[in-house]
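Note: the block below is model.pdb and it holds PDB, C-alpha atoms, pLDDT in the B column.
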```pdb
MODEL        1
ATOM      1  CA  MET O   1      38.423 -43.468  25.847  1.00 46.00           C
ATOM      2  CA  THR O   2      36.467 -41.901  23.054  1.00 51.00           C
ATOM      3  CA  GLU O   3      34.881 -38.527  23.314  1.00 53.00           C
ATOM      4  CA  LEU O   4      31.386 -38.037  22.020  1.00 49.00           C
ATOM      5  CA  ALA O   5      30.891 -35.038  19.822  1.00 50.00           C
ATOM      6  CA  ILE O   6      28.102 -32.889  21.140  1.00 50.00           C
ATOM      7  CA  ALA O   7      26.149 -31.356  18.295  1.00 49.00           C
ATOM      8  CA  GLU O   8      24.864 -27.864  18.737  1.00 49.00           C
ATOM      9  CA  PRO O   9      21.107 -27.732  18.406  1.00 48.00           C
ATOM     10  CA  ARG O  10      19.797 -26.055  15.286  1.00 48.00           C
ATOM     11  CA  MET O  11      17.141 -23.525  16.031  1.00 48.00           C
ATOM     12  CA  ASN O  12      15.037 -23.321  12.893  1.00 49.00           C
ATOM     13  CA  GLY O  13      16.978 -24.448   9.908  1.00 49.00           C
ATOM     14  CA  PRO O  14      19.858 -26.241   8.316  1.00 49.00           C
ATOM     15  CA  GLU O  15      23.415 -25.021   8.690  1.00 52.00           C
ATOM     16  CA  GLY O  16      24.932 -22.962   5.905  1.00 51.00           C
ATOM     17  CA  ASP O  17      21.705 -21.489   4.584  1.00 55.00           C
ATOM     18  CA  ALA O  18      22.073 -18.014   6.072  1.00 55.00           C
ATOM     19  CA  GLU O  19      23.246 -16.749   2.682  1.00 60.00           C
ATOM     20  CA  PHE O  20      20.064 -18.160   1.165  1.00 65.00           C
ATOM     21  CA  TRP O  21      17.970 -15.789   3.258  1.00 66.00           C
ATOM     22  CA  HIS O  22      19.593 -12.695   1.759  1.00 68.00           C
ATOM     23  CA  SER O  23      20.087 -14.042  -1.757  1.00 68.00           C
ATOM     24  CA  ASN O  24      16.532 -15.311  -2.137  1.00 72.00           C
ATOM     25  CA  GLY O  25      14.453 -13.485  -4.742  1.00 80.00           C
ATOM     26  CA  TRP O  26      11.708 -12.294  -2.391  1.00 83.00           C
ATOM     27  CA  SER O  27       9.779 -10.502  -5.100  1.00 87.00           C
ATOM     28  CA  ARG O  28       9.645 -13.733  -7.121  1.00 89.00           C
ATOM     29  CA  GLU O  29       8.373 -15.689  -4.109  1.00 88.00           C
ATOM     30  CA  GLU O  30       5.758 -13.056  -3.263  1.00 91.00           C
ATOM     31  CA  THR O  31       4.626 -12.913  -6.891  1.00 93.00           C
ATOM     32  CA  SER O  32       4.168 -16.673  -6.905  1.00 93.00           C
ATOM     33  CA  VAL O  33       2.047 -16.546  -3.748  1.00 94.00           C
ATOM     34  CA  ARG O  34       0.016 -13.596  -5.071  1.00 95.00           C
ATOM     35  CA  ARG O  35      -0.735 -15.427  -8.344  1.00 96.00           C
ATOM     36  CA  LEU O  36      -1.876 -18.500  -6.451  1.00 96.00           C
ATOM     37  CA  ARG O  37      -4.159 -16.377  -4.244  1.00 96.00           C
ATOM     38  CA  GLN O  38      -5.652 -14.793  -7.352  1.00 97.00           C
ATOM     39  CA  ARG O  39      -6.316 -18.223  -8.840  1.00 97.00           C
ATOM     40  CA  ILE O  40      -8.082 -19.280  -5.636  1.00 97.00           C
ATOM     41  CA  PHE O  41     -10.180 -16.094  -5.687  1.00 97.00           C
ATOM     42  CA  ARG O  42     -11.185 -16.554  -9.337  1.00 97.00           C
ATOM     43  CA  ALA O  43     -12.132 -20.210  -8.805  1.00 97.00           C
ATOM     44  CA  ALA O  44     -14.227 -19.293  -5.744  1.00 97.00           C
ATOM     45  CA  ARG O  45     -15.942 -16.471  -7.630  1.00 97.00           C
ATOM     46  CA  GLU O  46     -16.795 -18.888 -10.458  1.00 97.00           C
ATOM     47  CA  GLY O  47     -18.118 -21.429  -7.934  1.00 96.00           C
ATOM     48  CA  ASP O  48     -15.578 -24.143  -8.783  1.00 96.00           C
ATOM     49  CA  MET O  49     -15.152 -25.513  -5.264  1.00 97.00           C
ATOM     50  CA  LYS O  50     -13.164 -28.556  -6.375  1.00 97.00           C
ATOM     51  CA  GLN O  51     -10.593 -26.270  -7.984  1.00 97.00           C
ATOM     52  CA  VAL O  52     -10.581 -24.055  -4.874  1.00 97.00           C
ATOM     53  CA  ARG O  53      -9.771 -27.033  -2.653  1.00 97.00           C
ATOM     54  CA  ASN O  54      -7.031 -28.211  -5.012  1.00 97.00           C
ATOM     55  CA  LEU O  55      -5.464 -24.748  -5.146  1.00 96.00           C
ATOM     56  CA  GLN O  56      -5.682 -24.359  -1.362  1.00 96.00           C
ATOM     57  CA  ARG O  57      -3.916 -27.682  -0.961  1.00 96.00           C
ATOM     58  CA  LEU O  58      -1.270 -26.473  -3.405  1.00 95.00           C
ATOM     59  CA  MET O  59      -0.936 -23.265  -1.350  1.00 94.00           C
ATOM     60  CA  LEU O  60      -0.394 -25.226   1.875  1.00 93.00           C
ATOM     61  CA  ARG O  61       2.390 -27.283   0.293  1.00 92.00           C
ATOM     62  CA  SER O  62       3.957 -24.355  -1.551  1.00 91.00           C
ATOM     63  CA  ARG O  63       7.577 -23.582  -0.723  1.00 88.00           C
ATOM     64  CA  ALA O  64       7.065 -19.936  -1.718  1.00 89.00           C
ATOM     65  CA  ASN O  65       4.137 -19.627   0.696  1.00 91.00           C
ATOM     66  CA  THR O  66       6.186 -21.095   3.539  1.00 88.00           C
ATOM     67  CA  LEU O  67       9.118 -18.775   2.867  1.00 85.00           C
ATOM     68  CA  THR O  68       7.023 -15.626   2.609  1.00 87.00           C
ATOM     69  CA  SER O  69       5.097 -16.568   5.753  1.00 86.00           C
ATOM     70  CA  VAL O  70       8.318 -17.044   7.721  1.00 80.00           C
ATOM     71  CA  ARG O  71       9.644 -13.749   6.347  1.00 81.00           C
ATOM     72  CA  ARG O  72       6.490 -11.904   7.400  1.00 82.00           C
ATOM     73  CA  VAL O  73       6.680 -13.260  10.927  1.00 75.00           C
ATOM     74  CA  CYS O  74      10.447 -12.834  11.329  1.00 72.00           C
ATOM     75  CA  GLN O  75      11.100  -9.538   9.564  1.00 75.00           C
ATOM     76  CA  VAL O  76       8.006  -7.624   8.562  1.00 71.00           C
ATOM     77  CA  SER O  77       5.730  -8.153  11.561  1.00 70.00           C
ATOM     78  CA  THR O  78       5.879  -5.743  14.491  1.00 69.00           C
ATOM     79  CA  GLY O  79       6.038  -8.722  16.864  1.00 71.00           C
ATOM     80  CA  LYS O  80       9.267 -10.047  15.354  1.00 68.00           C
ATOM     81  CA  LYS O  81      11.145  -9.654  18.656  1.00 71.00           C
ATOM     82  CA  THR O  82       8.551 -11.671  20.566  1.00 75.00           C
ATOM     83  CA  ALA O  83       9.441 -15.292  21.219  1.00 74.00           C
ATOM     84  CA  GLY O  84       7.177 -17.902  19.714  1.00 72.00           C
ATOM     85  CA  ILE O  85       5.540 -20.861  21.407  1.00 76.00           C
ATOM     86  CA  ASP O  86       8.917 -22.623  21.482  1.00 76.00           C
ATOM     87  CA  GLY O  87      10.457 -19.695  23.379  1.00 78.00           C
ATOM     88  CA  GLN O  88      12.913 -18.947  20.573  1.00 74.00           C
ATOM     89  CA  LYS O  89      13.421 -15.749  18.591  1.00 73.00           C
ATOM     90  CA  ALA O  90      14.690 -15.769  15.017  1.00 68.00           C
ATOM     91  CA  LEU O  91      16.525 -12.472  14.722  1.00 66.00           C
ATOM     92  CA  THR O  92      19.458 -13.512  12.527  1.00 70.00           C
ATOM     93  CA  PRO O  93      19.327 -14.767   8.939  1.00 67.00           C
ATOM     94  CA  ARG O  94      20.785 -18.108  10.002  1.00 68.00           C
ATOM     95  CA  THR O  95      17.926 -18.809  12.396  1.00 69.00           C
ATOM     96  CA  ARG O  96      15.211 -17.624   9.997  1.00 65.00           C
ATOM     97  CA  VAL O  97      15.625 -20.237   7.279  1.00 64.00           C
ATOM     98  CA  PRO O  98      12.945 -22.891   7.871  1.00 60.00           C
ATOM     99  CA  GLN O  99      13.524 -26.563   7.317  1.00 54.00           C
ATOM    100  CA  LEU O 100      11.653 -27.275   4.136  1.00 47.00           C
ATOM    101  CA  MET O 101      10.608 -30.556   2.616  1.00 38.00           C
TER     102      MET O 101
ENDMDL
END
```
Any chance you could put this one into structure tokens?
Amino acid sequence: MTELAIAEPRMNGPEGDAEFWHSNGWSREETSVRRLRQRIFRAAREGDMKQVRNLQRLMLRSRANTLTSVRRVCQVSTGKKTAGIDGQKALTPRTRVPQLM
């Protein structure tokens, strides 16, 4: 008889990326997000709504924005020990890395 291998469920991210969480250049990611926000602000101030929409779309698909958002929720926020809608907490670096693209 053959035994089926039971895979452990992954909470929030791929295996082996816990080192990524600590080695990531957070200042670089935050700078990228800040620059994009400034571009959106300038385009809105100039009344270029088409450019605003394009930049907002770019912001939504930005890897840097996703990473900094996850970091804020998991590490910086005061509610970091509160379980999310899925009932899971991400308190270790291994569980913080989101599945991206």
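A straight line drawn from CA of Gln38 (chain O) to CA of Trp26 (chain O) is 18.2 Å long.
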Here is a test: counting all atoms listed in the file, which residue of O:Arg42, O:Thr68, O:Asn54, O:Lys89 is nearest to Glu29 (chain O)?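 Comparing O:Arg42, O:Thr68, O:Asn54, O:Lys89 against Glu29 (chain O), the winner is O:Thr68.
The residues caught by the PyMOL selection byres ((chain O and resi 59) around 12) in this file are Ser32, Val33, Arg34, Arg35, Leu36, Arg37, Gln38, Arg39, Ile40, Val52, Arg53, Asn54, Leu55, Gln56, Arg57, Leu58, Leu60, Arg61, Ser62, Arg63, Ala64, Asn65, Thr66, Leu67, Thr68 and Ser69 of chain O.
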So how far away is CA of Thr31 (chain O) from CA of Lys50 (chain O), in Å?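 Distance reported for this atom pair: 23.7 Å.
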What is the distance between CA of Cys74 (chain O) and CA of Arg28 (chain O), in Å to one decimal? 18.5 Å
